[in-house]
Every structure is written in structure tokens, then in C-alpha cells.
>>> print(open('entry-v4.cif').read())   # mmCIF, C-alpha atoms and all ligand atoms
data_entry
loop_
_atom_site.group_PDB
_atom_site.id
_atom_site.type_symbol
_atom_site.label_atom_id
_atom_site.label_comp_id
_atom_site.auth_asym_id
_atom_site.auth_seq_id
_atom_site.Cartn_x
_atom_site.Cartn_y
_atom_site.Cartn_z
ATOM 1 C CA MET A 1 -7.397 2.260 35.001
ATOM 2 C CA GLN A 2 -6.850 4.468 31.993
ATOM 3 C CA LEU A 3 -8.342 7.883 31.593
ATOM 4 C CA PHE A 4 -7.262 8.491 28.014
ATOM 5 C CA LYS A 5 -8.727 5.678 25.953
ATOM 6 C CA ARG A 6 -7.724 7.181 22.659
ATOM 7 C CA LYS A 7 -6.118 10.348 21.333
ATOM 8 C CA PRO A 8 -7.902 13.419 22.671
ATOM 9 C CA LYS A 9 -11.408 13.506 21.426
ATOM 10 C CA ASN A 10 -13.623 15.078 24.007
ATOM 11 C CA HIS A 11 -10.500 16.843 25.271
ATOM 12 C CA GLY A 12 -8.622 13.755 26.318
ATOM 13 C CA VAL A 13 -11.117 12.459 28.826
ATOM 14 C CA ASP A 14 -13.216 9.372 28.378
ATOM 15 C CA ALA A 15 -16.539 10.646 29.686
ATOM 16 C CA ASP A 16 -17.834 7.082 30.116
ATOM 17 C CA ARG A 17 -15.463 6.549 32.988
ATOM 18 C CA LYS A 18 -16.135 7.702 36.504
ATOM 19 C CA LEU A 19 -15.466 11.427 36.438
ATOM 20 C CA PRO A 20 -15.676 13.456 39.603
ATOM 21 C CA VAL A 21 -19.019 15.251 39.594
ATOM 22 C CA HIS A 22 -17.659 18.047 41.751
ATOM 23 C CA ILE A 23 -14.076 19.317 41.858
ATOM 24 C CA ALA A 24 -13.071 21.951 44.411
ATOM 25 C CA VAL A 25 -9.850 23.947 44.119
ATOM 26 C CA ILE A 26 -7.809 25.960 46.600
ATOM 27 C CA MET A 27 -6.062 28.457 44.337
ATOM 28 C CA ASP A 28 -2.861 28.718 46.337
ATOM 29 C CA GLY A 29 0.599 29.939 45.410
ATOM 30 C CA ASN A 30 -0.196 33.188 43.590
ATOM 31 C CA GLY A 31 1.965 35.285 45.911
ATOM 32 C CA ARG A 32 4.994 32.999 45.588
ATOM 33 C CA TRP A 33 4.560 32.844 41.816
ATOM 34 C CA ALA A 34 4.748 36.648 41.692
ATOM 35 C CA ALA A 35 7.627 36.903 44.193
ATOM 36 C CA ARG A 36 9.738 34.510 42.124
ATOM 37 C CA ARG A 37 9.372 36.898 39.207
ATOM 38 C CA GLY A 38 9.965 40.050 41.235
ATOM 39 C CA LEU A 39 6.357 41.077 40.639
ATOM 40 C CA PRO A 40 3.796 42.462 43.106
ATOM 41 C CA ARG A 41 1.500 39.867 44.689
ATOM 42 C CA LYS A 42 -1.469 41.214 42.762
ATOM 43 C CA ALA A 43 0.215 40.131 39.514
ATOM 44 C CA GLY A 44 0.129 36.577 40.884
ATOM 45 C CA HIS A 45 -3.566 36.866 41.667
ATOM 46 C CA ARG A 46 -4.261 38.166 38.156
ATOM 47 C CA GLU A 47 -2.432 35.197 36.669
ATOM 48 C CA GLY A 48 -4.317 32.967 39.124
ATOM 49 C CA ALA A 49 -7.604 34.354 37.832
ATOM 50 C CA ASN A 50 -6.485 33.523 34.282
ATOM 51 C CA THR A 51 -5.713 29.966 35.382
ATOM 52 C CA LEU A 52 -9.202 29.698 36.821
ATOM 53 C CA LYS A 53 -10.781 30.884 33.556
ATOM 54 C CA ARG A 54 -8.855 28.245 31.607
ATOM 55 C CA LEU A 55 -9.753 25.529 34.089
ATOM 56 C CA VAL A 56 -13.442 26.470 34.053
ATOM 57 C CA LYS A 57 -13.569 26.012 30.280
ATOM 58 C CA GLU A 58 -11.666 22.741 30.466
ATOM 59 C CA CYS A 59 -13.904 21.313 33.193
ATOM 60 C CA ASN A 60 -16.987 22.346 31.238
ATOM 61 C CA ALA A 61 -15.641 20.741 28.076
ATOM 62 C CA ILE A 62 -14.950 17.378 29.710
ATOM 63 C CA GLY A 63 -18.285 17.183 31.505
ATOM 64 C CA ILE A 64 -17.507 18.098 35.107
ATOM 65 C CA LYS A 65 -20.761 19.336 36.648
ATOM 66 C CA TYR A 66 -19.441 21.464 39.549
ATOM 67 C CA LEU A 67 -16.200 23.369 40.052
ATOM 68 C CA THR A 68 -15.838 25.283 43.307
ATOM 69 C CA ALA A 69 -13.028 27.845 43.508
ATOM 70 C CA TYR A 70 -11.851 29.296 46.827
ATOM 71 C CA ALA A 71 -11.437 32.919 45.773
ATOM 72 C CA PHE A 72 -11.551 34.819 49.073
ATOM 73 C CA SER A 73 -11.733 33.427 52.594
ATOM 74 C CA THR A 74 -13.125 34.989 55.759
ATOM 75 C CA GLU A 75 -9.489 35.200 56.916
ATOM 76 C CA ASN A 76 -8.205 36.937 53.773
ATOM 77 C CA TRP A 77 -9.435 40.288 55.158
ATOM 78 C CA ASN A 78 -6.326 40.116 57.374
ATOM 79 C CA ARG A 79 -4.060 40.721 54.380
ATOM 80 C CA PRO A 80 -2.690 44.195 53.639
ATOM 81 C CA ARG A 81 -5.336 46.619 52.392
ATOM 82 C CA GLU A 82 -3.656 46.936 49.005
ATOM 83 C CA GLU A 83 -3.855 43.180 48.410
ATOM 84 C CA VAL A 84 -7.479 42.929 49.543
ATOM 85 C CA ASP A 85 -8.368 45.818 47.209
ATOM 86 C CA ALA A 86 -6.531 44.151 44.321
ATOM 87 C CA LEU A 87 -8.433 40.905 44.916
ATOM 88 C CA MET A 88 -11.749 42.758 45.067
ATOM 89 C CA ASP A 89 -10.904 44.576 41.816
ATOM 90 C CA LEU A 90 -10.139 41.250 40.154
ATOM 91 C CA LEU A 91 -13.388 39.768 41.367
ATOM 92 C CA LEU A 92 -15.360 42.730 40.104
ATOM 93 C CA GLU A 93 -13.639 42.513 36.732
ATOM 94 C CA PHE A 94 -14.271 38.769 36.572
ATOM 95 C CA LEU A 95 -17.975 39.169 37.373
ATOM 96 C CA ARG A 96 -18.452 42.101 34.984
ATOM 97 C CA ASN A 97 -16.918 40.176 32.088
ATOM 98 C CA ALA A 98 -18.299 36.783 33.038
ATOM 99 C CA GLU A 99 -21.075 36.475 30.462
ATOM 100 C CA LYS A 100 -18.837 37.774 27.662
ATOM 101 C CA GLU A 101 -15.936 35.502 28.622
ATOM 102 C CA LEU A 102 -18.137 32.479 29.044
ATOM 103 C CA ALA A 103 -20.418 33.191 26.076
ATOM 104 C CA GLY A 104 -21.558 30.026 24.356
ATOM 105 C CA THR A 105 -20.310 27.780 27.171
ATOM 106 C CA ASN A 106 -23.641 27.271 28.984
ATOM 107 C CA ILE A 107 -21.841 27.771 32.313
ATOM 108 C CA ARG A 108 -23.845 28.695 35.389
ATOM 109 C CA ILE A 109 -22.301 30.795 38.145
ATOM 110 C CA LEU A 110 -23.118 30.394 41.825
ATOM 111 C CA VAL A 111 -21.572 32.099 44.837
ATOM 112 C CA ILE A 112 -21.149 30.722 48.354
ATOM 113 C CA GLY A 113 -20.046 32.708 51.379
ATOM 114 C CA ASP A 114 -21.067 35.697 53.433
ATOM 115 C CA THR A 115 -21.444 38.106 50.538
ATOM 116 C CA GLY A 116 -23.020 40.793 52.748
ATOM 117 C CA ARG A 117 -19.575 42.110 53.696
ATOM 118 C CA LEU A 118 -18.559 42.674 50.069
ATOM 119 C CA SER A 119 -19.018 46.068 48.413
ATOM 120 C CA ASP A 120 -22.464 46.985 47.059
ATOM 121 C CA GLU A 121 -20.937 47.011 43.577
ATOM 122 C CA ILE A 122 -19.717 43.421 43.901
ATOM 123 C CA GLN A 123 -22.990 42.277 45.463
ATOM 124 C CA LYS A 124 -24.910 43.789 42.550
ATOM 125 C CA GLU A 125 -22.656 42.057 40.007
ATOM 126 C CA ILE A 126 -23.024 38.736 41.834
ATOM 127 C CA GLU A 127 -26.798 39.043 41.761
ATOM 128 C CA ARG A 128 -26.786 39.927 38.073
ATOM 129 C CA VAL A 129 -24.436 37.126 36.998
ATOM 130 C CA VAL A 130 -26.184 34.500 39.117
ATOM 131 C CA VAL A 131 -29.601 35.452 37.699
ATOM 132 C CA ASN A 132 -28.351 35.766 34.109
ATOM 133 C CA THR A 133 -26.681 32.354 34.123
ATOM 134 C CA SER A 134 -29.313 30.561 36.205
ATOM 135 C CA VAL A 135 -30.880 28.752 33.239
ATOM 136 C CA ASN A 136 -27.552 27.359 32.018
ATOM 137 C CA THR A 137 -27.133 23.610 32.233
ATOM 138 C CA GLY A 138 -23.371 23.147 31.740
ATOM 139 C CA LEU A 139 -20.717 23.404 34.426
ATOM 140 C CA ASN A 140 -21.770 25.056 37.683
ATOM 141 C CA LEU A 141 -18.924 27.375 38.638
ATOM 142 C CA VAL A 142 -19.226 27.954 42.373
ATOM 143 C CA ILE A 143 -17.162 30.904 43.587
ATOM 144 C CA ALA A 144 -16.407 30.860 47.315
ATOM 145 C CA LEU A 145 -16.323 34.519 48.361
ATOM 146 C CA ASN A 146 -15.794 35.680 51.901
ATOM 147 C CA TYR A 147 -16.235 31.996 52.622
ATOM 148 C CA GLY A 148 -15.151 30.189 55.780
ATOM 149 C CA SER A 149 -16.375 26.757 56.824
ATOM 150 C CA ARG A 150 -16.411 27.430 60.544
ATOM 151 C CA CYS A 151 -18.462 30.554 60.020
ATOM 152 C CA GLU A 152 -20.820 28.619 57.707
ATOM 153 C CA ILE A 153 -21.288 25.817 60.264
ATOM 154 C CA VAL A 154 -21.775 28.168 63.222
ATOM 155 C CA SER A 155 -24.284 30.219 61.249
ATOM 156 C CA ALA A 156 -26.190 27.032 60.314
ATOM 157 C CA ALA A 157 -26.244 25.895 63.961
ATOM 158 C CA ALA A 158 -27.488 29.308 65.098
ATOM 159 C CA ARG A 159 -30.304 29.358 62.531
ATOM 160 C CA ILE A 160 -31.313 25.799 63.381
ATOM 161 C CA ALA A 161 -31.439 26.750 67.078
ATOM 162 C CA ARG A 162 -33.617 29.785 66.298
ATOM 163 C CA ASP A 163 -35.922 27.777 64.032
ATOM 164 C CA ALA A 164 -36.282 25.121 66.729
ATOM 165 C CA ARG A 165 -36.983 27.747 69.393
ATOM 166 C CA ASP A 166 -39.618 29.392 67.192
ATOM 167 C CA GLY A 167 -41.297 26.077 66.385
ATOM 168 C CA ARG A 168 -40.358 26.029 62.693
ATOM 169 C CA ILE A 169 -38.495 22.738 63.055
ATOM 170 C CA ASP A 170 -38.679 19.852 65.466
ATOM 171 C CA PRO A 171 -35.331 19.577 67.365
ATOM 172 C CA GLU A 172 -35.754 15.793 67.313
ATOM 173 C CA LYS A 173 -35.594 15.929 63.520
ATOM 174 C CA VAL A 174 -32.178 17.582 63.288
ATOM 175 C CA ASP A 175 -30.014 15.190 61.294
ATOM 176 C CA GLU A 176 -27.213 15.436 58.721
ATOM 177 C CA ARG A 177 -29.620 16.058 55.866
ATOM 178 C CA LEU A 178 -31.375 18.898 57.679
ATOM 179 C CA PHE A 179 -28.064 20.378 58.831
ATOM 180 C CA SER A 180 -26.740 20.333 55.240
ATOM 181 C CA SER A 181 -29.827 22.212 54.097
ATOM 182 C CA TYR A 182 -28.733 25.165 56.279
ATOM 183 C CA LEU A 183 -25.314 25.412 54.611
ATOM 184 C CA TYR A 184 -24.422 27.649 51.634
ATOM 185 C CA THR A 185 -23.954 24.472 49.635
ATOM 186 C CA ARG A 186 -27.478 23.140 50.181
ATOM 187 C CA GLU A 187 -28.087 22.632 46.460
ATOM 188 C CA ILE A 188 -24.568 21.509 45.624
ATOM 189 C CA PRO A 189 -23.310 17.917 45.921
ATOM 190 C CA ASP A 190 -20.278 17.301 48.151
ATOM 191 C CA PRO A 191 -16.936 17.618 46.354
ATOM 192 C CA ASP A 192 -15.548 14.330 45.065
ATOM 193 C CA LEU A 193 -12.081 15.751 44.533
ATOM 194 C CA VAL A 194 -10.344 18.624 46.323
ATOM 195 C CA ILE A 195 -7.245 19.984 44.605
ATOM 196 C CA ARG A 196 -4.641 21.987 46.497
ATOM 197 C CA PRO A 197 -1.510 23.063 44.655
ATOM 198 C CA SER A 198 1.547 24.960 45.938
ATOM 199 C CA GLY A 199 2.918 22.277 48.257
ATOM 200 C CA GLU A 200 0.621 23.016 51.196
ATOM 201 C CA TYR A 201 -1.311 20.181 52.827
ATOM 202 C CA ARG A 202 -4.256 21.726 54.597
ATOM 203 C CA LEU A 203 -7.876 22.713 54.029
ATOM 204 C CA SER A 204 -7.638 26.299 55.315
ATOM 205 C CA ASN A 205 -11.270 26.465 56.459
ATOM 206 C CA PHE A 206 -12.598 25.309 53.064
ATOM 207 C CA LEU A 207 -15.623 22.962 52.802
ATOM 208 C CA LEU A 208 -14.854 21.210 56.102
ATOM 209 C CA TRP A 209 -18.280 19.573 56.385
ATOM 210 C CA GLN A 210 -18.662 18.898 52.682
ATOM 211 C CA SER A 211 -15.249 17.264 52.166
ATOM 212 C CA SER A 212 -15.730 14.521 54.779
ATOM 213 C CA TYR A 213 -15.349 11.861 52.079
ATOM 214 C CA SER A 214 -13.597 13.827 49.352
ATOM 215 C CA GLU A 215 -10.447 12.587 47.711
ATOM 216 C CA PHE A 216 -7.528 15.020 47.997
ATOM 217 C CA TRP A 217 -4.934 15.831 45.370
ATOM 218 C CA PHE A 218 -1.852 17.847 46.255
ATOM 219 C CA SER A 219 0.917 19.156 44.041
ATOM 220 C CA ASP A 220 3.896 21.473 44.339
ATOM 221 C CA VAL A 221 2.847 23.423 41.261
ATOM 222 C CA LEU A 222 1.853 27.017 42.023
ATOM 223 C CA TRP A 223 -1.711 27.871 41.030
ATOM 224 C CA PRO A 224 -0.792 30.275 38.179
ATOM 225 C CA ASP A 225 1.210 27.410 36.612
ATOM 226 C CA PHE A 226 -1.605 24.870 36.980
ATOM 227 C CA THR A 227 -2.485 23.501 33.536
ATOM 228 C CA LYS A 228 -5.049 21.156 32.063
ATOM 229 C CA GLU A 229 -2.390 18.420 32.280
ATOM 230 C CA HIS A 230 -2.398 18.824 36.067
ATOM 231 C CA LEU A 231 -6.180 18.616 35.963
ATOM 232 C CA TYR A 232 -6.073 15.410 33.925
ATOM 233 C CA GLN A 233 -3.468 13.949 36.274
ATOM 234 C CA ALA A 234 -5.647 14.766 39.281
ATOM 235 C CA ILE A 235 -8.652 13.133 37.584
ATOM 236 C CA ARG A 236 -6.642 10.052 36.636
ATOM 237 C CA ASP A 237 -5.425 9.712 40.219
ATOM 238 C CA PHE A 238 -8.987 10.177 41.437
ATOM 239 C CA GLN A 239 -10.158 7.383 39.130
ATOM 240 C CA ASN A 240 -7.611 5.053 40.666
ATOM 241 C CA ARG A 241 -8.685 5.709 44.233
ATOM 242 C CA ASN A 242 -10.851 3.221 46.037
ATOM 243 C CA ARG A 243 -13.635 5.217 47.682
ATOM 244 C CA ARG A 244 -15.261 3.277 50.478
ATOM 245 C CA PHE A 245 -17.137 5.997 52.373
ATOM 246 C CA GLY A 246 -16.397 4.182 55.613
ATOM 247 C CA GLY A 247 -17.792 0.895 54.302
ATOM 248 C CA LEU A 248 -16.068 -2.004 52.594
ATOM 249 C CA GLN A 249 -14.625 -2.145 49.112
ATOM 250 C CA ARG A 250 -17.257 -1.668 46.414
HETATM 251 C C1 LIG A 301 -3.996 32.190 47.748
HETATM 252 O O1 LIG A 301 -2.671 32.365 47.237
HETATM 253 C C2 LIG A 301 -4.950 32.839 46.862
HETATM 254 C C3 LIG A 301 -5.873 33.750 47.243
HETATM 255 C C4 LIG A 301 -5.999 34.207 48.644
HETATM 256 C C5 LIG A 301 -6.784 34.392 46.284
HETATM 257 C C6 LIG A 301 -7.234 33.567 45.107
HETATM 258 C C7 LIG A 301 -7.838 34.464 44.113
HETATM 259 C C8 LIG A 301 -7.636 34.427 42.767
HETATM 260 C C9 LIG A 301 -6.892 33.374 42.083
HETATM 261 C C10 LIG A 301 -8.140 35.471 41.856
HETATM 262 C C11 LIG A 301 -9.492 35.998 42.071
HETATM 263 C C12 LIG A 301 -10.589 35.051 41.783
HETATM 264 C C13 LIG A 301 -11.518 35.234 40.834
HETATM 265 C C14 LIG A 301 -12.730 34.374 40.833
HETATM 266 C C15 LIG A 301 -11.382 36.235 39.795
HETATM 267 P P1 LIG A 301 -1.605 33.178 48.085
HETATM 268 O O2 LIG A 301 -1.643 34.590 47.671
HETATM 269 O O3 LIG A 301 -1.839 32.965 49.542
HETATM 270 O O4 LIG A 301 -0.268 32.521 47.624
HETATM 271 P P2 LIG A 301 1.065 32.403 48.497
HETATM 272 O O5 LIG A 301 0.785 31.333 49.527
HETATM 273 O O6 LIG A 301 2.081 31.978 47.485
HETATM 274 O O7 LIG A 301 1.361 33.728 49.100
#
>>> encode(input="entry-v4.cif", output="C-alpha cells")
Amino acid sequence: MQLFKRKPKNHGVDADRKLPVHIAVIMDGNGRWAARRGLPRKAGHREGANTLKRLVKECNAIGIKYLTAYAFSTENWNRPREEVDALMDLLLEFLRNAEKELAGTNIRILVIGDTGRLSDEIQKEIERVVVNTSVNTGLNLVIALNYGSRCEIVSAAARIARDARDGRIDPEKVDERLFSSYLYTREIPDPDLVIRPSGEYRLSNFLLWQSSYSEFWFSDVLWPDFTKEHLYQAIRDFQNRNRRFGGLQR
């Protein structure tokens, strides 16, 4: 199956073909990218943030509806203080400039994760950006911040147990749909395509529940070097996969 029907019009993607509705990316390889250049790790993260900005615009332009970016995991607090601070500074900068950077793109920003542990400043910026972009109807950029799937699932189970105990829900009615409604992603469709660059082949506590039937795309490229050509390749590969969702060929 061909993705590029003709010379790039609509940015090289034939929107009539089956595009993934939701792409999720694990932005891995920033540290190695910096180390190879003799730069501090934070320089890799800055370049990684630039890659994300480019990818967001590209996804919006070709008609992807959701892009989830794993920006900071519940385990990333274990990194050296200097690196955590650099990541938080980048996030703050990204959020502060978001509307200006994305002006005219109709992009909506959402955040998933336990944001309560982030600084008040970052929480305020998240609230502002989410409210200010809430009416936008283009790409939904979902930023996973202090996100961890196990934590998300345990928290959902605990709240379901409390709601059942207090009579707010009937324990007999707990099913996949109800469980999903207790997750951060309750209003977000499951990812169709999960992209992990940098030569690692694992999920690292990212969207464990939601990616049950996702297609995975791996590459050795380091995240700061990820280009729109890699994106197109991942989409083309996705279009050639045969998704059966546990059933028979469709
Ligand atoms: C993993 O690469 C990357 C991260 C832990 C952070 C990702 C964050 C950004 C790209 C920038 C901030 C995001 C926004 C939304 C502005 P790594 O450092 O573990 O790479 P390595 O495996 O090569 O060391």
C-alpha cells in the first residue's frame, strides 16, 4: 500500500488512506545525542523539545488527531537534580510559549499524569494552556508529565474501590469501559501507533493499558534526529500492518 499517492500536497500524506488517529511517542535518546557531541544532557533534551515542536506541526498538518509525548515519567525523578531541573525549565518554557509557537495551528493541549507533584508555576501554566486551547479542533497534543502507567492503573483501582464502597458505583458493573473512565486518558482514544526511537525495545511504563492493541514502531535514530521522514516511514509501516485486534483478518 502506498502512502504517497502523488508529490507532496497535503505534506506528502494521502489523507484518504487509513491514518493513525493517535500516535504516541517515547522521546528517547536525548542524553546519548548530547554525549556524542560532548554536550551536557540538557542540550539533548532541548534539541528533543525542538524535535517535538516540529513533529507536532507535521502531525497537525497531515491530519493526525492525537499525539501523545512522554515528556517526564514518574521514574524520571530519580535522575540527578540538575537534569530534573533542566527538564522542568524546558517544560515551563514550552508551556509559556505554547500559544505563541502554535499560533494559527488550532492545536489543543492536554496533559496526563500526576501533575500535583510539579511546581506551582508549572501547574499554573498547564491550567492556563489547557483552558486557552480547549476550543481548538486540530491536533490534540497530549503531554505525559509525571506520568507512569502503573501509578495510573493503581490509582484508578483505588478510586473504583472507594466509589464501590461508598455506593457510587455497583461493583458488578466494573468492566473495561468503566475502568478506562478512571484513567487519565478517559477522553482520549487508545494509541494506534507507538513510536520508540533510540534502539530500545520497551514501553517504560508508558500507556500500558491503552497500548494493548497498538502497533509499535522502533528505530535506532535518536529522538533529536527524528525527522518528518521518520514519521512518514512509521505511518507507511503502520498502513501495511494487518490489525486484527485478536479476531480474524478484516
Ligand atoms: C529520554 O531520553 C527523554 C526524557 C526523559 C525526557 C524527554 C523530554 C523532552 C524531549 C523535552 C521536554 C518536553 C517538552 C514537552 C518540552 P534520555 O535522556 O533517557 O536519553 P538517553 O537514553 O540517551 O540517555
>>> residues_near_ligand(input="entry-v4.cif", ligand="ligand LIG 301 (chain A)", cutoff="9 Å", atoms="all atoms listed in the file", output="PyMOL selection string")
chain A and resi 26-35+41-42+44-53+69-73+76+79+83-84+86-95+143-145+198+200+222-224
>>> write_last_selection(input="entry-v4.cif", atoms="C-alpha atoms", output="compact mmCIF listing (two decimals), in the coordinates of the input")
# COMPACT_ATOMS: atom_id res chain seq x y z
CA ILE A 26 -7.81 25.96 46.60
CA MET A 27 -6.06 28.46 44.34
CA ASP A 28 -2.86 28.72 46.34
CA GLY A 29 0.60 29.94 45.41
CA ASN A 30 -0.20 33.19 43.59
CA GLY A 31 1.96 35.28 45.91
CA ARG A 32 4.99 33.00 45.59
CA TRP A 33 4.56 32.84 41.82
CA ALA A 34 4.75 36.65 41.69
CA ALA A 35 7.63 36.90 44.19
CA ARG A 41 1.50 39.87 44.69
CA LYS A 42 -1.47 41.21 42.76
CA GLY A 44 0.13 36.58 40.88
CA HIS A 45 -3.57 36.87 41.67
CA ARG A 46 -4.26 38.17 38.16
CA GLU A 47 -2.43 35.20 36.67
CA GLY A 48 -4.32 32.97 39.12
CA ALA A 49 -7.60 34.35 37.83
CA ASN A 50 -6.48 33.52 34.28
CA THR A 51 -5.71 29.97 35.38
CA LEU A 52 -9.20 29.70 36.82
CA LYS A 53 -10.78 30.88 33.56
CA ALA A 69 -13.03 27.84 43.51
CA TYR A 70 -11.85 29.30 46.83
CA ALA A 71 -11.44 32.92 45.77
CA PHE A 72 -11.55 34.82 49.07
CA SER A 73 -11.73 33.43 52.59
CA ASN A 76 -8.20 36.94 53.77
CA ARG A 79 -4.06 40.72 54.38
CA GLU A 83 -3.86 43.18 48.41
CA VAL A 84 -7.48 42.93 49.54
CA ALA A 86 -6.53 44.15 44.32
CA LEU A 87 -8.43 40.90 44.92
CA MET A 88 -11.75 42.76 45.07
CA ASP A 89 -10.90 44.58 41.82
CA LEU A 90 -10.14 41.25 40.15
CA LEU A 91 -13.39 39.77 41.37
CA LEU A 92 -15.36 42.73 40.10
CA GLU A 93 -13.64 42.51 36.73
CA PHE A 94 -14.27 38.77 36.57
CA LEU A 95 -17.98 39.17 37.37
CA ILE A 143 -17.16 30.90 43.59
CA ALA A 144 -16.41 30.86 47.32
CA LEU A 145 -16.32 34.52 48.36
CA SER A 198 1.55 24.96 45.94
CA GLU A 200 0.62 23.02 51.20
CA LEU A 222 1.85 27.02 42.02
CA TRP A 223 -1.71 27.87 41.03
CA PRO A 224 -0.79 30.28 38.18
>>> atom_distance(input="entry-v4.cif", atom1="atom CA of A:Asn78", atom2="atom CA of A:Leu203")
17.8 Å
>>> resolve_selection(input="entry-v4.cif", expression="the PyMOL selection byres (((chain A and resi 59) around 12) and not hetatm)", output="PyMOL selection string")
chain A and resi 10-13+15+19-25+52-58+60-68+105+107+138-141+227-229+231-232+235
>>> atom_distance(input="entry-v4.cif", atom1="atom CA of A:Glu215", atom2="atom CA of A:Leu193")
4.8 Å
>>> closest_residue(input="entry-v4.cif", among="A:Arg165, A:Leu208, A:Asp190, A:Ala156", to="A:Leu178", atoms="all atoms listed in the file")
A:Ala156
>>> atom_distance(input="entry-v4.cif", atom1="atom CA of A:Leu248", atom2="atom CA of A:Tyr201")
26.6 Å
>>> resolve_selection(input="entry-v4.cif", expression="the PyMOL selection byres (((chain A and resi 184) around 7) and not hetatm)", output="PyMOL selection string")
chain A and resi 112-113+182-183+185-186
>>> axis_aligned_box(input="entry-v4.cif", around="stretch 105-121 of chain A", padding_each_side="3 Å", output="lines of an AutoDock Vina configuration file")
center_x = -21.2
center_y = 37.1
center_z = 40.4
size_x = 11.3
size_y = 25.7
size_z = 32.5
>>> decode(input="entry-v4.cif", residues="stretch 132-139 of chain A", atoms="all heavy atoms", output="PDB file, in the first residue's frame")
ATOM      1  N   ASN A 132      -6.858  27.738  27.587  1.00  0.00           N
ATOM      2  CA  ASN A 132      -6.768  28.620  26.412  1.00  0.00           C
ATOM      3  C   ASN A 132      -6.865  27.882  25.080  1.00  0.00           C
ATOM      4  O   ASN A 132      -7.243  28.480  24.079  1.00  0.00           O
ATOM      5  CB  ASN A 132      -5.460  29.419  26.427  1.00  0.00           C
ATOM      6  CG  ASN A 132      -5.536  30.566  27.407  1.00  0.00           C
ATOM      7  OD1 ASN A 132      -6.588  30.825  27.979  1.00  0.00           O
ATOM      8  ND2 ASN A 132      -4.416  31.240  27.605  1.00  0.00           N
ATOM      9  N   THR A 133      -6.478  26.614  25.067  1.00  0.00           N
ATOM     10  CA  THR A 133      -6.509  25.883  23.791  1.00  0.00           C
ATOM     11  C   THR A 133      -7.708  24.924  23.719  1.00  0.00           C
ATOM     12  O   THR A 133      -7.843  24.178  22.745  1.00  0.00           O
ATOM     13  CB  THR A 133      -5.203  25.073  23.569  1.00  0.00           C
ATOM     14  OG1 THR A 133      -5.063  24.091  24.608  1.00  0.00           O
ATOM     15  CG2 THR A 133      -3.976  25.976  23.555  1.00  0.00           C
ATOM     16  N   SER A 134      -8.559  24.974  24.738  1.00  0.00           N
ATOM     17  CA  SER A 134      -9.607  23.942  24.843  1.00  0.00           C
ATOM     18  C   SER A 134     -10.622  23.984  23.699  1.00  0.00           C
ATOM     19  O   SER A 134     -11.266  22.973  23.423  1.00  0.00           O
ATOM     20  CB  SER A 134     -10.333  24.044  26.189  1.00  0.00           C
ATOM     21  OG  SER A 134     -10.938  25.304  26.272  1.00  0.00           O
ATOM     22  N   VAL A 135     -10.764  25.139  23.052  1.00  0.00           N
ATOM     23  CA  VAL A 135     -11.763  25.210  21.967  1.00  0.00           C
ATOM     24  C   VAL A 135     -11.160  24.799  20.618  1.00  0.00           C
ATOM     25  O   VAL A 135     -11.880  24.693  19.622  1.00  0.00           O
ATOM     26  CB  VAL A 135     -12.373  26.628  21.829  1.00  0.00           C
ATOM     27  CG1 VAL A 135     -13.191  26.983  23.060  1.00  0.00           C
ATOM     28  CG2 VAL A 135     -11.295  27.665  21.570  1.00  0.00           C
ATOM     29  N   ASN A 136      -9.858  24.565  20.590  1.00  0.00           N
ATOM     30  CA  ASN A 136      -9.215  24.236  19.308  1.00  0.00           C
ATOM     31  C   ASN A 136      -9.617  22.846  18.829  1.00  0.00           C
ATOM     32  O   ASN A 136      -9.826  21.943  19.623  1.00  0.00           O
ATOM     33  CB  ASN A 136      -7.695  24.344  19.433  1.00  0.00           C
ATOM     34  CG  ASN A 136      -7.256  25.789  19.633  1.00  0.00           C
ATOM     35  OD1 ASN A 136      -8.088  26.701  19.513  1.00  0.00           O
ATOM     36  ND2 ASN A 136      -6.006  26.012  19.942  1.00  0.00           N
ATOM     37  N   THR A 137      -9.696  22.715  17.509  1.00  0.00           N
ATOM     38  CA  THR A 137     -10.240  21.469  16.949  1.00  0.00           C
ATOM     39  C   THR A 137      -9.225  20.718  16.080  1.00  0.00           C
ATOM     40  O   THR A 137      -9.574  19.761  15.404  1.00  0.00           O
ATOM     41  CB  THR A 137     -11.485  21.779  16.097  1.00  0.00           C
ATOM     42  OG1 THR A 137     -11.111  22.754  15.118  1.00  0.00           O
ATOM     43  CG2 THR A 137     -12.631  22.304  16.945  1.00  0.00           C
ATOM     44  N   GLY A 138      -7.965  21.193  16.080  1.00  0.00           N
ATOM     45  CA  GLY A 138      -6.934  20.496  15.294  1.00  0.00           C
ATOM     46  C   GLY A 138      -6.339  19.359  16.109  1.00  0.00           C
ATOM     47  O   GLY A 138      -7.038  18.706  16.903  1.00  0.00           O
ATOM     48  N   LEU A 139      -5.057  19.148  15.942  1.00  0.00           N
ATOM     49  CA  LEU A 139      -4.361  18.095  16.685  1.00  0.00           C
ATOM     50  C   LEU A 139      -4.514  18.290  18.194  1.00  0.00           C
ATOM     51  O   LEU A 139      -4.421  19.409  18.689  1.00  0.00           O
ATOM     52  CB  LEU A 139      -2.865  18.140  16.337  1.00  0.00           C
ATOM     53  CG  LEU A 139      -1.973  17.192  17.140  1.00  0.00           C
ATOM     54  CD1 LEU A 139      -2.054  15.777  16.587  1.00  0.00           C
ATOM     55  CD2 LEU A 139      -0.525  17.672  17.142  1.00  0.00           C
TER      56      LEU A 139
END
